Amino acid sequence: MTLYALVIMLSALLLFLVQPLIAKLILPWFGGSAAVWATCMLFFQTLLLAGYAYAHGTNARLSPRAQAALHTALLAGAVASLPIAPEARWKPSGTEEPISAILLLLAATIGLPYFLLSATSPLVQAWFARARPGENPYRLFAASNLASLLALVGYPFAVEPWLGGRAQVAAWSWLFAAFALLCALLAWRSAQGPAPGRATLAAAAAPAPRAADLGLWLALSAAGSALLLAVTNHITQNVAAIPLLWLAPLTLYLLTFILAFEGGRFWRPEIGWTFVLVWIGGMAWLLADSARQFDLPLQLGIWLSGLFVACLFCHGELYRLRPHARHLTAFYLAIAAGGALGGLFVAVLAPLAFDAYLELGIALVAVAALAALRFAALGRLARAASLVALVAASGCATYDALRFQRDVVYAERNFYGVLRVKEYGTPGAADHLRRLLHGVILHGEQYMAPERRREPTTYYQASSGIGAALAARAAGPPIRVGVIGLGAGTLAAWGRPGDVYRFYDINPDVVAVARSHFAYLADSAATIEMALGDARLVLEREPPQNFDILAVDAFSSDAIPVHLVTREALALYLRHVKPDGIVAFHVSNRFLDLVPVVAAIARANGAHAVLVSDSADDDPDKTQTDWVLVSRDANALAAPAIAAAGAVAAEPRADWRPWTDDYSNLVQILK
């Protein structure tokens, strides 16, 4: 069994290592958005389905030798396509529809290797069942998920901190070549097969799965997949944007597969039904209770434990419904199809159909309905409790959908997430204001009263680092300012007659809402220019802009667009500013320490850097901010307005490597 386990675990390890690796390589080309990862996940799930379909089709229609010959040829083709680094010709211009562009790039870059890795688990289990009839091949699926879990947790902590992108591609490619050799060897060895015996004859007589079985396999798999992605979106965007928090739900999801398929010892419905229904009720209550939205321990405790219990139910029931090993590949094909359907619903259909994150409530109702169906046979009490849980989940999901619109004057959802404009205070009064929100992240606010609507607020107030940089040029001639990240357009409030403010933003909905629901752009005395697309890609194509100040303000808590804060990125920015110009990085963050990162890339470019921190302790209307100002001219950073703001030298960490387009380390900068 050792060779079977080795091949299946190596394939799973490579499968889960290539996912963050390839996503990291292409992330800069598509704006560093979290939606890029969601689209990658859709590709991975779809290709997983294709791999499982290939395994099922070849196992059912080809002789063992023909299957081994075909698979060996495909493995050789995949090795010939290495390395997996995407070619520059796939780099977008910045105006393409992103989802199809990402899917085509992934198909051309890692399509065949990923397809074969995806097919490995059901193929190897089928080969094992053929070579060792009568033994349980499903335990190999638990081993596969264990390797996936190790790769998932190991990448950010053991791979990314030590290896750059090119080194990761090389190491992965060599490991894939070794896997291909072992897999081909196992294919031919398994093709020999044992002499027909009693277990082989019993397998031939095993009944085919019924339509009801196929429906349940699909439903249970889809519900678990949809709940995983919906909970991940909810806790990372609506609860707390904590770096690497997305790891926790996926880790628990894989763990439930390991426990469920390890001989069926960890899921017993006659005991587990109470836990499932209680946690469904807990998640439904938390979905509807807005008063506890920012109670982080409670939110994470309920959602993560609830996801674990719900997925253990889904995957435990899948194991209980497993067919004879003869129909093993059909079983896994249905599981993959269900997973792809769940991913398709959350990643594609929900953003098109909804203007809010309603998929979490829908996924919860789906799990509750499946629980009611599966627990109906456990007795009257379980049946009644299941119906109560289903009604509670449905009611809370409906209430959450209605509550989402409270105080909201605008809501729009696209590839980049959900934007909301919320109103506070009394219309016409001095406290009347609007806020632009992306999940729980504030992207700007404006007082609507005429006497206050031109006030720079939040991160752009007069005492902030960017306020000090602008004040340092206030007595001089008109200036040219570049801004990466539009938000509500607050920085336009600083504009004077003759000034030019050029904004870069990747999200067309942000541009639309800044023009329609906020007045900063319309009221500004400066000339306003707009450039749509990823700022770095646009700046690479533009001639030097001769900015006096370039503000880099595209960081949203855990969603760090790393490609905007590398040595190469700063070199690009410095090309677009005047010799005494200032590049201002907004690095305010509760969880990440970006100051040494910016200081290091400044030193690598021969520039100077100072930190301006602005406390909000003495004024409730102020926002605490941190800005790092970078310039090739030290005198520009010593201006009286900047010195008066409390600027201090920003120092890199001696033990940290400067971030480049090839290397970054998110774990290193956790506070």
# chains A, B, ... in the order shown; residues from 1 in each chain; ligands from 1
call {"tool": "residues_around", "arguments": {"residues": "segment 631-644 of chain A", "least_positions_apart": "5", "cutoff": "12 Å", "atoms": "only C-alpha atoms", "output": "PyMOL selection string"}}
result
chain A and resi 462-475+547-550+570-571+573-585+598-599+601-614+649-650
call {"tool": "select_by_dssp", "arguments": {"residues": "segment 454-623 of chain A", "states": "helix (DSSP H, G or I)", "output": "ChimeraX atom specification"}}
result
/A:458-460,465-471,490-494,508-516,520-523,535-541,562-564,567-576,595-604
call {"tool": "closest_residue", "arguments": {"among": "A:Leu287, A:Val124, A:Ala53, A:Val418", "to": "Gly395 of chain A", "atoms": "only C-alpha atoms"}}
result
A:Leu287
call {"tool": "residues_around", "arguments": {"residues": "segment 366-383 of chain A", "least_positions_apart": "2", "cutoff": "9 Å", "atoms": "only C-alpha atoms", "output": "PyMOL selection string"}}
result
chain A and resi 216+219-220+223-224+227+269-270+273-274+276-277+280+310-311+313-314+317+361-364+385-391+393-394
call {"tool": "residues_around", "arguments": {"residues": "Asn414 of chain A", "least_positions_apart": "2", "cutoff": "12 Å", "atoms": "only C-alpha atoms", "output": "ChimeraX atom specification"}}
result
/A:33-35,97-99,347-357,411-412,416-420,438,506-510
call {"tool": "write_last_selection", "arguments": {"atoms": "C-alpha atoms", "output": "PDB file, in the first residue's frame"}}
result
ATOM      1  CA  SER A  33      -8.066  41.595  -5.731  1.00  0.00           C
ATOM      2  CA  ALA A  34      -9.397  38.840  -3.507  1.00  0.00           C
ATOM      3  CA  ALA A  35     -11.753  38.058  -6.389  1.00  0.00           C
ATOM      4  CA  GLU A  97     -13.088  41.199 -18.649  1.00  0.00           C
ATOM      5  CA  PRO A  98     -11.048  39.624 -15.816  1.00  0.00           C
ATOM      6  CA  ILE A  99     -12.781  36.288 -15.159  1.00  0.00           C
ATOM      7  CA  ALA A 347     -17.988  32.709  -7.169  1.00  0.00           C
ATOM      8  CA  VAL A 348     -20.022  33.431 -10.315  1.00  0.00           C
ATOM      9  CA  LEU A 349     -23.792  33.215  -9.950  1.00  0.00           C
ATOM     10  CA  ALA A 350     -24.139  35.037  -6.617  1.00  0.00           C
ATOM     11  CA  PRO A 351     -22.152  38.138  -7.733  1.00  0.00           C
ATOM     12  CA  LEU A 352     -24.291  38.307 -10.873  1.00  0.00           C
ATOM     13  CA  ALA A 353     -27.635  37.752  -9.137  1.00  0.00           C
ATOM     14  CA  PHE A 354     -27.244  39.568  -5.791  1.00  0.00           C
ATOM     15  CA  ASP A 355     -26.043  42.970  -4.649  1.00  0.00           C
ATOM     16  CA  ALA A 356     -25.185  41.581  -1.201  1.00  0.00           C
ATOM     17  CA  TYR A 357     -23.616  38.462   0.334  1.00  0.00           C
ATOM     18  CA  ALA A 411     -25.354  48.778  -3.068  1.00  0.00           C
ATOM     19  CA  GLU A 412     -23.562  47.184  -5.986  1.00  0.00           C
ATOM     20  CA  TYR A 416     -14.194  43.101  -6.830  1.00  0.00           C
ATOM     21  CA  GLY A 417     -16.804  42.710  -4.077  1.00  0.00           C
ATOM     22  CA  VAL A 418     -19.802  44.540  -2.606  1.00  0.00           C
ATOM     23  CA  LEU A 419     -19.826  48.334  -2.349  1.00  0.00           C
ATOM     24  CA  ARG A 420     -22.332  50.053  -0.073  1.00  0.00           C
ATOM     25  CA  HIS A 438     -16.357  47.505   1.119  1.00  0.00           C
ATOM     26  CA  ILE A 506      -9.430  49.205 -11.028  1.00  0.00           C
ATOM     27  CA  ASN A 507     -13.105  49.042 -10.062  1.00  0.00           C
ATOM     28  CA  PRO A 508     -15.510  50.879 -12.402  1.00  0.00           C
ATOM     29  CA  ASP A 509     -18.230  50.784  -9.738  1.00  0.00           C
ATOM     30  CA  VAL A 510     -16.014  52.811  -7.378  1.00  0.00           C
TER      31      VAL A 510
END
call {"tool": "atom_distance", "arguments": {"atom1": "atom CA of Cys396 of chain A", "atom2": "atom CA of Gly343 of chain A"}}
result
22.9 Å
call {"tool": "select_by_dssp", "arguments": {"residues": "segment 381-610 of chain A", "states": "strand (DSSP E)", "output": "PyMOL selection string"}}
result
chain A and resi 408-414+417-424+433-438+441-447+480-484+500-505+527-532+547-552+577-586+608-610
call {"tool": "closest_residue", "arguments": {"among": "A:Leu254, A:Leu537, A:Val7, A:Val562", "to": "Leu182 of chain A", "atoms": "only C-alpha atoms"}}
result
A:Val7
call {"tool": "atom_distance", "arguments": {"atom1": "atom CA of Gly215 of chain A", "atom2": "atom CA of Leu247 of chain A"}}
result
29.8 Å
call {"tool": "closest_residue", "arguments": {"among": "A:Pro297, A:Leu666, A:Leu21, A:Ala101", "to": "Ala170 of chain A", "atoms": "only C-alpha atoms"}}
result
A:Leu21
